[in-house]
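Novice: Contents of protein_7.pdb (PDB, C-alpha atoms):
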ATOM      1  CA  SER L  54       3.697 -16.932 -23.985
ATOM      2  CA  VAL L  55       6.046 -14.702 -25.934
ATOM      3  CA  PHE L  56       9.415 -15.951 -27.060
ATOM      4  CA  PHE L  57      12.535 -14.402 -28.490
ATOM      5  CA  LEU L  58      14.375 -16.427 -31.106
ATOM      6  CA  PHE L  59      18.118 -15.978 -31.316
ATOM      7  CA  PHE L  60      19.803 -17.286 -34.468
ATOM      8  CA  PHE L  61      23.486 -18.189 -34.541
ATOM      9  CA  PHE L  62      25.057 -19.209 -37.845
ATOM     10  CA  PHE L  63      28.198 -21.315 -37.840
ATOM     11  CA  ASN L  64      29.923 -21.089 -41.234
ATOM     12  CA  ASP L  65      32.347 -23.908 -40.556
ATOM     13  CA  THR L  66      29.558 -26.428 -40.065
ATOM     14  CA  ALA L  67      26.949 -24.783 -42.270
ATOM     15  CA  THR L  68      24.428 -25.463 -39.562
ATOM     16  CA  THR L  69      22.098 -23.175 -37.730
ATOM     17  CA  GLU L  70      21.366 -23.471 -34.066
ATOM     18  CA  ILE L  71      18.272 -21.819 -32.712
ATOM     19  CA  TYR L  72      18.163 -20.790 -29.150
ATOM     20  CA  THR L  73      14.812 -19.969 -27.645
ATOM     21  CA  LEU L  74      14.588 -17.776 -24.626
ATOM     22  CA  SER L  75      11.299 -17.133 -22.912
ATOM     23  CA  LEU L  76      10.240 -13.610 -22.194
ATOM     24  CA  HIS L  77      10.348 -14.287 -18.466
ATOM     25  CA  ASP L  78      13.915 -15.530 -18.583
ATOM     26  CA  ALA L  79      14.993 -12.660 -20.813
ATOM     27  CA  PHE L  80      13.692 -10.042 -18.427
ATOM     28  CA  ARG L  81      13.977 -11.708 -15.047
ATOM     29  CA  SER L  82      16.903  -9.425 -14.341
ATOM     30  CA  LEU L  83      14.790  -6.252 -14.719
ATOM     31  CA  MET L  84      15.611  -4.062 -11.758
ATOM     32  CA  ILE L  85      13.931  -1.097 -10.117
ATOM     33  CA  SER L  86      15.696   1.567  -8.052
ATOM     34  CA  ALA L  87      14.291   2.397  -4.634
ATOM     35  CA  GLY L  88      14.007   5.997  -5.819
ATOM     36  CA  ASP L  89      11.407   4.762  -8.337
ATOM     37  CA  PHE L  90       9.324   2.771  -5.847
ATOM     38  CA  ARG L  91       5.551   3.278  -6.116
ATOM     39  CA  ASN L  92       2.645   1.763  -4.233
ATOM     40  CA  GLY L  93       1.572  -1.522  -5.793
ATOM     41  CA  VAL L  94       4.972  -2.357  -7.299
ATOM     42  CA  THR L  95       6.039  -5.935  -6.547
ATOM     43  CA  ILE L  96       9.700  -6.745  -5.869
ATOM     44  CA  GLU L  97      11.929  -9.665  -4.924
ATOM     45  CA  PHE L  98      13.796  -8.890  -1.710
ATOM     46  CA  GLU L  99      15.661 -11.101   0.758
ATOM     47  CA  GLY L 100      14.249 -14.256  -0.816
ATOM     48  CA  ASN L 101      10.612 -13.141  -0.622
ATOM     49  CA  ILE L 102       8.099 -11.433  -2.885
ATOM     50  CA  TYR L 103       6.820  -8.128  -1.520
ATOM     51  CA  GLN L 104       4.317  -5.542  -2.666
ATOM     52  CA  ILE L 105       5.066  -1.931  -1.763
ATOM     53  CA  ILE L 106       2.126  -0.571   0.217
ATOM     54  CA  GLU L 107       3.741   2.616   1.509
ATOM     55  CA  PHE L 108       6.898   4.579   0.720
ATOM     56  CA  GLN L 109       8.438   7.870   1.772
ATOM     57  CA  HIS L 110      11.505   9.704   0.509
ATOM     58  CA  VAL L 111      13.433  11.042   3.485
ATOM     59  CA  LYS L 112      16.145  13.717   3.283
ATOM     60  CA  PRO L 113      17.624  14.204   6.749
ATOM     61  CA  GLY L 114      19.497  17.369   7.632
ATOM     62  CA  LYS L 115      22.636  15.308   8.062
ATOM     63  CA  GLY L 116      23.512  12.091   6.349
ATOM     64  CA  ALA L 117      22.367  10.493   3.123
ATOM     65  CA  ALA L 118      18.814  10.443   1.817
ATOM     66  CA  PHE L 119      16.889   7.176   2.032
ATOM     67  CA  VAL L 120      13.539   5.639   1.165
ATOM     68  CA  ARG L 121      11.399   4.317   4.006
ATOM     69  CA  THR L 122       8.938   1.596   2.953
ATOM     70  CA  LYS L 123       6.263  -0.765   4.182
ATOM     71  CA  LEU L 124       6.318  -4.054   2.307
ATOM     72  CA  LYS L 125       3.604  -6.715   2.285
ATOM     73  CA  ASN L 126       4.664 -10.307   1.792
ATOM     74  CA  ILE L 127       2.320 -11.529  -0.943
ATOM     75  CA  ILE L 128       2.451 -15.113   0.299
ATOM     76  CA  SER L 129       2.095 -14.753   4.072
ATOM     77  CA  GLY L 130       0.407 -11.335   4.154
ATOM     78  CA  GLY L 131       2.878 -10.101   6.763
ATOM     79  CA  VAL L 132       4.033  -6.476   6.653
ATOM     80  CA  VAL L 133       7.608  -5.369   7.301
ATOM     81  CA  GLU L 134       9.290  -1.966   7.334
ATOM     82  CA  LYS L 135      12.520  -1.553   5.390
ATOM     83  CA  THR L 136      14.739   1.353   4.374
ATOM     84  CA  PHE L 137      16.675   1.590   1.117
ATOM     85  CA  ARG L 138      19.217   3.906  -0.418
ATOM     86  CA  PRO L 139      17.578   5.720  -3.372
ATOM     87  CA  THR L 140      20.048   4.093  -5.769
ATOM     88  CA  GLU L 141      19.622   0.601  -4.299
ATOM     89  CA  LYS L 142      18.054  -1.787  -6.792
ATOM     90  CA  CYS L 143      15.764  -4.809  -6.469
ATOM     91  CA  PRO L 144      14.476  -7.261  -9.093
ATOM     92  CA  THR L 145      10.878  -6.689 -10.055
ATOM     93  CA  ALA L 146       8.523  -9.656  -9.604
ATOM     94  CA  HIS L 147       5.975 -10.440 -12.289
ATOM     95  CA  ILE L 148       2.519 -11.212 -10.906
ATOM     96  CA  ASP L 149      -0.028 -12.994 -13.097
ATOM     97  CA  ARG L 150      -3.634 -11.899 -12.553
ATOM     98  CA  LYS L 151      -5.951 -14.340 -14.287
ATOM     99  CA  ASP L 152      -9.660 -13.630 -14.733
ATOM    100  CA  MET L 153     -11.574 -16.618 -13.368
ATOM    101  CA  GLN L 154     -15.180 -17.323 -12.475
ATOM    102  CA  TYR L 155     -15.965 -18.089  -8.835
ATOM    103  CA  LEU L 156     -18.192 -21.171  -9.024
ATOM    104  CA  TYR L 157     -19.052 -22.233  -5.490
ATOM    105  CA  ALA L 158     -17.694 -23.024  -2.041
ATOM    106  CA  ASP L 159     -17.773 -26.200   0.013
ATOM    107  CA  ASP L 160     -16.583 -26.882   3.541
ATOM    108  CA  ASP L 161     -12.881 -26.445   2.797
ATOM    109  CA  PHE L 162     -12.405 -24.952  -0.663
ATOM    110  CA  TYR L 163     -13.442 -22.220  -3.062
ATOM    111  CA  HIS L 164     -13.813 -23.451  -6.640
ATOM    112  CA  PHE L 165     -12.916 -21.363  -9.706
ATOM    113  CA  MET L 166     -13.061 -21.883 -13.469
ATOM    114  CA  ASP L 167     -11.066 -20.445 -16.346
ATOM    115  CA  VAL L 168     -13.840 -19.305 -18.696
ATOM    116  CA  GLU L 169     -11.557 -19.693 -21.730
ATOM    117  CA  THR L 170     -10.242 -23.216 -21.149
ATOM    118  CA  TYR L 171     -12.891 -24.437 -18.643
ATOM    119  CA  ASP L 172     -10.085 -25.669 -16.400
ATOM    120  CA  GLN L 173     -11.021 -25.579 -12.721
ATOM    121  CA  ILE L 174      -8.913 -24.953  -9.638
ATOM    122  CA  ASP L 175      -9.642 -25.313  -5.934
ATOM    123  CA  LEU L 176      -8.204 -22.923  -3.360
ATOM    124  CA  PRO L 177      -8.273 -23.585   0.406
ATOM    125  CA  LYS L 178     -10.556 -21.236   2.299
ATOM    126  CA  ASP L 179      -7.872 -20.352   4.820
ATOM    127  CA  GLU L 180      -5.649 -19.089   1.980
ATOM    128  CA  VAL L 181      -8.368 -17.000   0.330
ATOM    129  CA  GLY L 182      -9.467 -15.454   3.624
ATOM    130  CA  ASP L 183     -12.201 -12.824   3.437
ATOM    131  CA  ALA L 184     -11.557 -11.888  -0.190
ATOM    132  CA  LEU L 185     -14.868 -13.368  -1.378
ATOM    133  CA  LYS L 186     -17.185 -12.289   1.403
ATOM    134  CA  PHE L 187     -18.922  -9.802  -0.900
ATOM    135  CA  VAL L 188     -18.762 -11.967  -4.037
ATOM    136  CA  LYS L 189     -21.681 -14.040  -5.332
ATOM    137  CA  GLU L 190     -21.303 -17.362  -7.116
ATOM    138  CA  ASN L 191     -20.582 -17.094 -10.864
ATOM    139  CA  GLU L 192     -18.985 -13.638 -10.483
ATOM    140  CA  MET L 193     -15.581 -12.961 -12.055
ATOM    141  CA  CYS L 194     -12.469 -12.497  -9.899
ATOM    142  CA  LYS L 195      -8.747 -12.214 -10.484
ATOM    143  CA  VAL L 196      -6.631 -15.117  -9.266
ATOM    144  CA  CYS L 197      -3.106 -13.892  -8.516
ATOM    145  CA  SER L 198      -0.044 -16.093  -8.864
ATOM    146  CA  HIS L 199       3.735 -15.852  -8.960
ATOM    147  CA  LYS L 200       5.620 -18.453 -10.999
ATOM    148  CA  GLY L 201       2.505 -20.631 -10.995
ATOM    149  CA  ASN L 202       1.897 -20.403  -7.239
ATOM    150  CA  VAL L 203      -1.500 -18.893  -6.420
ATOM    151  CA  PHE L 204      -1.329 -16.584  -3.411
ATOM    152  CA  ALA L 205      -4.422 -14.371  -3.528
ATOM    153  CA  VAL L 206      -7.832 -13.719  -5.049
ATOM    154  CA  GLU L 207      -8.882 -10.182  -5.935
ATOM    155  CA  PRO L 208     -12.659  -9.573  -5.968
ATOM    156  CA  PRO L 209     -14.284  -6.974  -8.232
ATOM    157  CA  LEU L 210     -13.648  -3.477  -6.861
ATOM    158  CA  PHE L 211     -17.374  -2.796  -6.579
ATOM    159  CA  VAL L 212     -20.330  -5.143  -6.168
ATOM    160  CA  GLU L 213     -24.100  -4.750  -5.976
ATOM    161  CA  LEU L 214     -25.801  -6.964  -3.402
ATOM    162  CA  THR L 215     -29.289  -7.342  -1.979
ATOM    163  CA  VAL L 216     -29.857  -6.630   1.706
ATOM    164  CA  THR L 217     -31.396  -9.738   3.260
ATOM    165  CA  GLU L 218     -31.738  -8.513   6.815
ATOM    166  CA  THR L 219     -31.591  -5.194   8.659
ATOM    167  CA  GLU L 220     -33.609  -3.163  11.137
ATOM    168  CA  PRO L 221     -36.554  -1.243   9.646
ATOM    169  CA  GLY L 222     -35.598   1.962   7.883
ATOM    170  CA  PHE L 223     -36.535   5.453   8.997
ATOM    171  CA  LYS L 224     -37.624   7.965   6.397
ATOM    172  CA  GLY L 225     -35.965  11.332   6.637
ATOM    173  CA  ASP L 226     -32.740   9.880   8.045
ATOM    174  CA  THR L 227     -30.750  10.439   4.852
ATOM    175  CA  ALA L 228     -28.449  13.125   6.242
ATOM    176  CA  THR L 229     -27.859  12.116   9.849
ATOM    177  CA  GLY L 230     -24.724  10.079   9.200
ATOM    178  CA  ALA L 231     -25.938   7.355  11.545
ATOM    179  CA  THR L 232     -25.566   3.759  10.401
ATOM    180  CA  LYS L 233     -26.863   0.304  11.263
ATOM    181  CA  PRO L 234     -25.662  -3.220  10.438
ATOM    182  CA  ALA L 235     -27.159  -5.000   7.442
ATOM    183  CA  THR L 236     -26.657  -8.542   6.183
ATOM    184  CA  VAL L 237     -26.292  -8.951   2.419
ATOM    185  CA  GLU L 238     -27.018 -11.999   0.271
ATOM    186  CA  THR L 239     -23.491 -13.413   0.598
ATOM    187  CA  GLY L 240     -23.883 -13.496   4.386
ATOM    188  CA  ALA L 241     -21.485 -10.622   5.031
ATOM    189  CA  THR L 242     -22.327  -7.639   7.233
ATOM    190  CA  VAL L 243     -21.981  -4.030   6.120
ATOM    191  CA  TYR L 244     -22.932  -0.796   7.866
ATOM    192  CA  VAL L 245     -25.573   1.173   5.966
ATOM    193  CA  PRO L 246     -27.524   4.420   6.459
ATOM    194  CA  LEU L 247     -30.693   4.162   8.534
ATOM    195  CA  PHE L 248     -32.971   4.560   5.503
ATOM    196  CA  VAL L 249     -31.762   1.333   3.842
ATOM    197  CA  GLU L 250     -34.280  -1.497   4.108
ATOM    198  CA  THR L 251     -34.434  -5.243   3.531
ATOM    199  CA  ASP L 252     -34.535  -6.140  -0.196
ATOM    200  CA  ASP L 253     -32.755  -2.917  -1.175
ATOM    201  CA  VAL L 254     -29.812  -3.395  -3.547
ATOM    202  CA  ILE L 255     -26.693  -1.563  -2.393
ATOM    203  CA  LYS L 256     -23.278  -0.857  -3.918
ATOM    204  CA  ILE L 257     -20.240  -1.843  -1.842
ATOM    205  CA  ASP L 258     -16.522  -1.091  -2.160
ATOM    206  CA  THR L 259     -14.893  -4.501  -1.610
ATOM    207  CA  ARG L 260     -11.537  -2.929  -0.703
ATOM    208  CA  THR L 261     -12.953  -1.304   2.417
ATOM    209  CA  GLY L 262     -16.261  -3.131   2.895
ATOM    210  CA  GLU L 263     -18.023   0.237   2.917
ATOM    211  CA  TYR L 264     -21.508   1.052   1.676
ATOM    212  CA  LEU L 265     -21.408   3.453  -1.268
ATOM    213  CA  SER L 266     -24.991   3.952  -2.417
ATOM    214  CA  ARG L 267     -28.395   2.418  -2.847
ATOM    215  CA  VAL L 268     -28.938   1.141  -6.380
TER
END
Produce structure tokens that represent the structure in this file.

Specialist:
Amino acid sequence: SVFFLFFFFFNDTATTEIYTLSLHDAFRSLMISAGDFRNGVTIEFEGNIYQIIEFQHVKPGKGAAFVRTKLKNIISGGVVEKTFRPTEKCPTAHIDRKDMQYLYADDDFYHFMDVETYDQIDLPKDEVGDALKFVKENEMCKVCSHKGNVFAVEPPLFVELTVTETEPGFKGDTATGATKPATVETGATVYVPLFVETDDVIKIDTRTGEYLSRV
């Protein structure tokens, strides 16, 4: 981590005292005004850590302007609606996103490895949720934490997976817009165009679970 070194010289004792202040401590008081809120910004508010998922600047005909927001609790996943004065300030929350390799899953845990240090961590399946349903073993993910507490796993934005099971395809159905369910190699289900067949490799957006293209 990065450190600032502050040197104080005391002439009367001819000694030097060195005070070390970590970067986190030095900037933990960084504040952001509600007027500067943007989607994805993470803040500390009312004792919790929230990510802004929606915001709107409102200027009523009468009364003061305000900012209407939807905030997602990064620990519990719950969403709340809050309003702020544009000049109201909140501390920003630093989120660490560490690249880690997803190794394997057992009955209760997902197992990850830091590819630089080879340290491994285990995360309960109920905490990870569906984040890895489109992710194969040995793929890289981002493990998100706040002050050392892991709260989420972010899969790659896009993945390419083989279709292991689906109804037979129909040639000429490329423009109908109709879809059918398909099972991919991770066991997840995605809706694909009718022309997609078993053993095809498809590209998926993990944020929405939507089929993008055949590879």

Novice: Find the residues near L:Ile105: any atom within 9 Å, counting only C-alpha atoms, skip ones fewer than 5 places away on the same chain, and give them as a PDB file with C-alpha atoms, in the frame of the given file.

Specialist:
ATOM      1  CA  PHE L  90       9.324   2.771  -5.847  1.00  0.00           C
ATOM      2  CA  ARG L  91       5.551   3.278  -6.116  1.00  0.00           C
ATOM      3  CA  ASN L  92       2.645   1.763  -4.233  1.00  0.00           C
ATOM      4  CA  GLY L  93       1.572  -1.522  -5.793  1.00  0.00           C
ATOM      5  CA  VAL L  94       4.972  -2.357  -7.299  1.00  0.00           C
ATOM      6  CA  THR L  95       6.039  -5.935  -6.547  1.00  0.00           C
ATOM      7  CA  ILE L  96       9.700  -6.745  -5.869  1.00  0.00           C
ATOM      8  CA  THR L 122       8.938   1.596   2.953  1.00  0.00           C
ATOM      9  CA  LYS L 123       6.263  -0.765   4.182  1.00  0.00           C
ATOM     10  CA  LEU L 124       6.318  -4.054   2.307  1.00  0.00           C
ATOM     11  CA  LYS L 125       3.604  -6.715   2.285  1.00  0.00           C
TER      12      LYS L 125
END

Novice: Which residues, named as in the file, does the PyMOL selection byres ((chain L and resi 243) around 8) pick out? Answer as a ChimeraX atom specification.

Specialist: /L:234-237,241-242,244-245,262-264

Novice: Suppose a student applies the PyMOL selection byres ((chain L and resi 212) around 7) to this structure; what residues should they get, written as a VMD selection string?

Specialist: chain L and resid 209 to 211 213 to 214 256 to 258

Novice: How far is it from atom CA of L:Gly88 to atom CA of L:Lys142, in Å with one decimal?

Specialist: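 So the answer is 8.8 Å.
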
Novice: Just so the selection is clear, what residues does the PyMOL selection byres ((chain L and resi 162-178) around 9) cover here, as a list in words?

Specialist: Lys151, Asp152, Met153, Gln154, Tyr155, Leu156, Tyr157, Ala158, Asp159, Asp160, Asp161, Asp179, Glu180, Val181, Gly182, Asp183, Asn191, Cys194, Val196 and Val203 of chain L

Novice: Within 6 Å of stretch 220-222 of chain L, counting all atoms listed in the file, which residues qualify if same-chain residues fewer than 5 places away don't, as a PyMOL selection string?

Specialist: chain L and resi 247-250

Novice: Quick one: distance from atom CA of L:Ile128 to atom CA of L:Val111 in Å, one decimal?

Specialist: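 According to the coordinates, atom CA of L:Ile128 and atom CA of L:Val111 are separated by 28.5 Å.
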
Novice: Counting all atoms listed in the file, figure out which residue out of L:Ile255, L:Met84, L:Cys197, L:Leu265 gets nearest to L:Asp149.

Specialist: L:Cys197

Novice: Could you work out how far atom CA of L:Val133 lies from atom CA of L:Ala118, giving the answer in Å with one decimal?

Specialist: 20.1 Å

Novice: List the residues sitting within 12 Å of (4.1, -13.2, 4.2) in the file's frame, using all atoms listed in the file, as an MDAnalysis selection string.

Specialist: chainID L and resid 100:104 124:133 180 204:205

Novice: Please write as a JSON list (two decimals) with C-alpha atoms, in the coordinates of the input the list of polymer residues whose atoms come within 10 Å of (16.3, -5.7, 2.1), counting only C-alpha atoms and keeping to the coordinates of the file.

Specialist:
[["chain", "number", "residue", "atom", "x", "y", "z"],
["L", 97, "GLU", "CA", 11.93, -9.66, -4.92],
["L", 98, "PHE", "CA", 13.80, -8.89, -1.71],
["L", 99, "GLU", "CA", 15.66, -11.10, 0.76],
["L", 100, "GLY", "CA", 14.25, -14.26, -0.82],
["L", 101, "ASN", "CA", 10.61, -13.14, -0.62],
["L", 134, "GLU", "CA", 9.29, -1.97, 7.33],
["L", 135, "LYS", "CA", 12.52, -1.55, 5.39],
["L", 136, "THR", "CA", 14.74, 1.35, 4.37],
["L", 137, "PHE", "CA", 16.68, 1.59, 1.12],
["L", 141, "GLU", "CA", 19.62, 0.60, -4.30],
["L", 142, "LYS", "CA", 18.05, -1.79, -6.79],
["L", 143, "CYS", "CA", 15.76, -4.81, -6.47]]

Novice: Could you check which of L:Lys233, L:His147, L:Lys112, L:Ser86 is closest to L:Gly201, using all atoms listed in the file?

Specialist: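 Going through L:Lys233, L:His147, L:Lys112, L:Ser86 one by one, the smallest distance to L:Gly201 is for L:His147.
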
Novice: Got a sec: who's within 10 Å of L:Asp253, counting only C-alpha atoms, leaving out chain neighbours fewer than 5 positions off, as a PyMOL selection string?

Specialist: chain L and resi 214-218+237+267-268

Novice: Starting from the incomplete input, reconstruct N, CA and C atoms of stretch 156-178 of chain L and write that as a CSV table (one decimal), keeping the file's coordinate frame.

Specialist:
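Saved the output as rebuild_36.csv:
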chain,number,residue,atom,x,y,z
L,156,LEU,N,-17.1,-20.2,-8.8
L,156,LEU,CA,-18.2,-21.2,-9.0
L,156,LEU,C,-19.0,-21.4,-7.8
L,157,TYR,N,-18.3,-21.9,-6.7
L,157,TYR,CA,-19.1,-22.2,-5.5
L,157,TYR,C,-18.0,-22.5,-4.4
L,158,ALA,N,-18.5,-22.7,-3.2
L,158,ALA,CA,-17.7,-23.0,-2.0
L,158,ALA,C,-18.2,-24.3,-1.4
L,159,ASP,N,-17.3,-25.1,-0.8
L,159,ASP,CA,-17.8,-26.2,0.0
L,159,ASP,C,-17.1,-26.0,1.4
L,160,ASP,N,-17.1,-27.0,2.2
L,160,ASP,CA,-16.6,-26.9,3.5
L,160,ASP,C,-15.2,-26.4,3.6
L,161,ASP,N,-14.3,-26.8,2.7
L,161,ASP,CA,-12.9,-26.4,2.8
L,161,ASP,C,-12.3,-25.6,1.7
L,162,PHE,N,-13.0,-25.6,0.5
L,162,PHE,CA,-12.4,-25.0,-0.7
L,162,PHE,C,-13.4,-24.0,-1.4
L,163,TYR,N,-12.7,-23.0,-2.1
L,163,TYR,CA,-13.4,-22.2,-3.1
L,163,TYR,C,-13.1,-22.8,-4.4
L,164,HIS,N,-14.0,-22.9,-5.3
L,164,HIS,CA,-13.8,-23.5,-6.6
L,164,HIS,C,-13.9,-22.4,-7.7
L,165,PHE,N,-13.0,-22.4,-8.6
L,165,PHE,CA,-12.9,-21.4,-9.7
L,165,PHE,C,-12.8,-22.0,-11.1
L,166,MET,N,-13.2,-21.3,-12.1
L,166,MET,CA,-13.1,-21.9,-13.5
L,166,MET,C,-12.5,-20.8,-14.4
L,167,ASP,N,-11.6,-21.3,-15.2
L,167,ASP,CA,-11.1,-20.4,-16.3
L,167,ASP,C,-12.1,-20.5,-17.4
L,168,VAL,N,-12.7,-19.3,-17.7
L,168,VAL,CA,-13.8,-19.3,-18.7
L,168,VAL,C,-13.4,-19.5,-20.1
L,169,GLU,N,-12.1,-19.5,-20.4
L,169,GLU,CA,-11.6,-19.7,-21.7
L,169,GLU,C,-11.3,-21.2,-22.0
L,170,THR,N,-10.6,-21.8,-21.0
L,170,THR,CA,-10.2,-23.2,-21.1
L,170,THR,C,-11.2,-24.2,-20.4
L,171,TYR,N,-12.0,-23.6,-19.5
L,171,TYR,CA,-12.9,-24.4,-18.6
L,171,TYR,C,-12.1,-25.3,-17.6
L,172,ASP,N,-10.8,-25.0,-17.5
L,172,ASP,CA,-10.1,-25.7,-16.4
L,172,ASP,C,-10.5,-25.1,-15.1
L,173,GLN,N,-10.6,-26.0,-14.1
L,173,GLN,CA,-11.0,-25.6,-12.7
L,173,GLN,C,-9.9,-25.7,-11.7
L,174,ILE,N,-9.9,-24.9,-10.7
L,174,ILE,CA,-8.9,-25.0,-9.6
L,174,ILE,C,-9.7,-24.8,-8.3
L,175,ASP,N,-9.1,-25.4,-7.3
L,175,ASP,CA,-9.6,-25.3,-5.9
L,175,ASP,C,-8.6,-24.6,-5.0
L,176,LEU,N,-9.1,-23.6,-4.3
L,176,LEU,CA,-8.2,-22.9,-3.4
L,176,LEU,C,-8.7,-23.1,-1.9
L,177,PRO,N,-7.8,-23.4,-1.0
L,177,PRO,CA,-8.3,-23.6,0.4
L,177,PRO,C,-8.9,-22.3,1.0
L,178,LYS,N,-9.9,-22.4,1.7
L,178,LYS,CA,-10.6,-21.2,2.3
L,178,LYS,C,-9.6,-20.4,3.2
